[in-house]
Amino acid sequence: MKMGGNNGSALLEEQQETSTDKETISQLRLLMYKPCCGGAAEVPAALQQIKPKLSAWLDSFRGWFSQYRQLAHYFSLLCFLLVIVALLQTFCLVQITLVFQSQSTLQETKLRDLTNRLEKLNQSYRLLFSQYPALNQYCPVSNSTTGERACRPCPAGWTSQGEKCFLFSQDRADWISSQYRCMALGGAVATVRTEEEQVFLWKKAQSLSQGDSYWLGLRSSGGGDGGWQWSDGSLVEKGPE
């Protein structure tokens, strides 16, 4: 019994010197290694003191473990969402890349086709001017370096009026010579078809004339009726009386 009393004192001193967790562990050690020769009645009392502390420690551990599991669950869910977002972004980038490559290929094909068409048009353009030199009067070269031409409706020196071009020559000649000269230039002595043309020719001739006159493509029909006809053979249409 004395031995048991000494052990009880040692147990109390141990409890005062250690912290709560260390005290619990040391008490368990005392119970495990304590000889069974005496103090058997003190074992249930020690267990009663340890049991609440052990239960509290286990409850704390369970709470911490539950929180850890909850955090791990949230972290796993967050990682899963991040992976889904990354996959979606990758898929979108792949789709955009494929669409861009497809459009780029289509644009290159169209550009190649347009380049070929332009080259064919340039060849036809050069061939046309080589076969018909008279076109150089309507489309003279404006840039000798690039060969660019500036086209206009009438040759140089001619005046545009409606759908016709008129040349007011300063050379003196009779009607027949004037007709031949106009034919050599690709035209004919002026034929008046509308009132607008008549007014235009009259005003232009008045502004350029210095006491001289200009021939028109009007001549006698050669019949006994005293009629007139134009240089192309068409009869003069009479207006209202």
# chains A, B, ... in the order shown; residues from 1 in each chain; ligands from 1

$ select_by_dssp --residues "stretch 34-221 of chain A" --states "strand (DSSP E or B)" --output "number ranges by chain"
A: 141-143, 148-149, 159-161, 164-166, 218-220

$ select_by_dssp --residues "stretch 120-211 of chain A" --states "alpha helix (DSSP H)" --output "PyMOL selection string"
chain A and resi 120-131+175-184+195-208

$ residues_around --residues "A:Arg181" --least-positions-apart "6" --cutoff "12 Å" --atoms "only C-alpha atoms" --output "ChimeraX atom specification"
/A:167-169,171-175,187-189,215
